[in-house]
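Asker: Below is one structure. I have some questions about it.
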Amino acid sequence: MLGFIGRGGLAGACAGMLSGLFSLLFAEATLDRAIALEHSEGAEVFTRDVQYVGLLVTSVLAGVAIGIIFGVVYAVRHRRDPGTDPWGRALRLAIGGFLGVSLLPFLRYPANPPGTGDPDTVGVRTAWWLAAIVIGIATMAAVAEVRKRLAAGSTPMRDLATAGVVVVGLVVILLLPATPPSDGVPAELLWSFRLYSVATTGILWVGLGAGFGLAGWRAAKTAPQATTTTMTVS
């Protein structure tokens with residue numbers, strides 16, 4: 001378990017750095033405009049250089065936290081079925097995490113630029129967003145269970161059942177209360193910010209799955225060699 005947790009934390013740190021660099025290199029202009037709107041009526045508390053560093057640090061820390069959870073979930077699944085290819089399992093788990101934690105909730109509650117929205121409704125909006133994440137995670141757990149139960153069935157049936165579960169989960173999320181619109185934000189800025197946000201989370205999950213999977217593939221490849229060497233020495 002500790003090995004998987006450590007692997008997840010390291011892969012998450014690398015993926016978090018990668019997603020943070022993507023934000024700085026490609027979403028910087030959008031973030032600058034969004035922060036300018038936030039501070040249009042007051043003095044800037046932190047300089048942009050400090051905010052850049054803070055973005056990278058936050059991205060790495062978030063990646064480590066997600067990576068640790070990823071490692072725990074992977075370890076549980078590995079214990080149930082240790083023979084599965086580590087590269088494929090890590091990528092599938094990362095895709096499931098992206099869908100359940102990021103994309104499905106995003107379709108109901110897309111990210112908004114800093115400083116937008118009524119401050120009095122922050123608590124309510126956060127609660128509904130967290131509820132969407134819980135439903136998204138439950139949806140992905142249901143997908144895994146359905147695919148397990150239909151493992152002996154035909155591929156079309158398994159894929160159609162998977163799609164059906166995802167659609168049901170999305171419908172439940174879309175039934176959650178809507179949030180107030182972001183008034184006063186240019187539409188181009190709003191959707192650029194949202195697209196960059198979902199792209200950033202996608203890079204985080206893909207990087208986490210790829211890094212974790214590569215480490216697992218390498219460990220699985222070297223394990224038989226180490227066992228053979230030990231038996232020869234003995």
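Chain labels A, B, ... are given in the sequence in which chains occur in the structure tokens; within each chain residues are numbered consecutively from 1, and ligands are likewise numbered from 1 in the order shown.
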Show me, as number ranges by chain, the residues that have an atom within 7 Å of region 165-180 of chain A when counting only C-alpha atoms, minus same-chain residues fewer than 6 positions from it.

Answerer: A: 104-105, 108, 125, 132, 135-136, 139, 143

Asker: Name the residues in contact with Gly207 (chain A) at a cut-off of 9 Å, using only C-alpha atoms, excluding same-chain residues fewer than 2 positions from it; report them as a PyMOL selection string.

Answerer: chain A and resi 11-12+14-16+18-19+94+202-205+209-212

Asker: Please give the complete set of residues from region 128-181 of chain A that DSSP, run on the backbone, assigns to alpha helix (DSSP H), formatted as a ChimeraX atom specification.

Answerer: /A:128-149,155-174

Asker: Hey, which of A:Gly97, A:Pro113, A:Tyr74, A:Gly3 ends up closest to Pro186 (chain A)? Count only C-alpha atoms.

Answerer: A:Pro113

Asker: If I take CA of Leu2 (chain A) and CA of Ser59 (chain A), how far is one from the other in Å, to one decimal?

Answerer: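 About the pair CA of Leu2 (chain A) and CA of Ser59 (chain A): they are 22.8 Å apart.
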
Asker: Taking 2 positions as the minimum chain separation for residues in the same chain, which residues sit within 7 Å of Gly8 (chain A) when counting only C-alpha atoms? Answer as an NGL selection string.

Answerer: :A and (4-6 or 10-12 or 67-68 or 70-71 or 212)
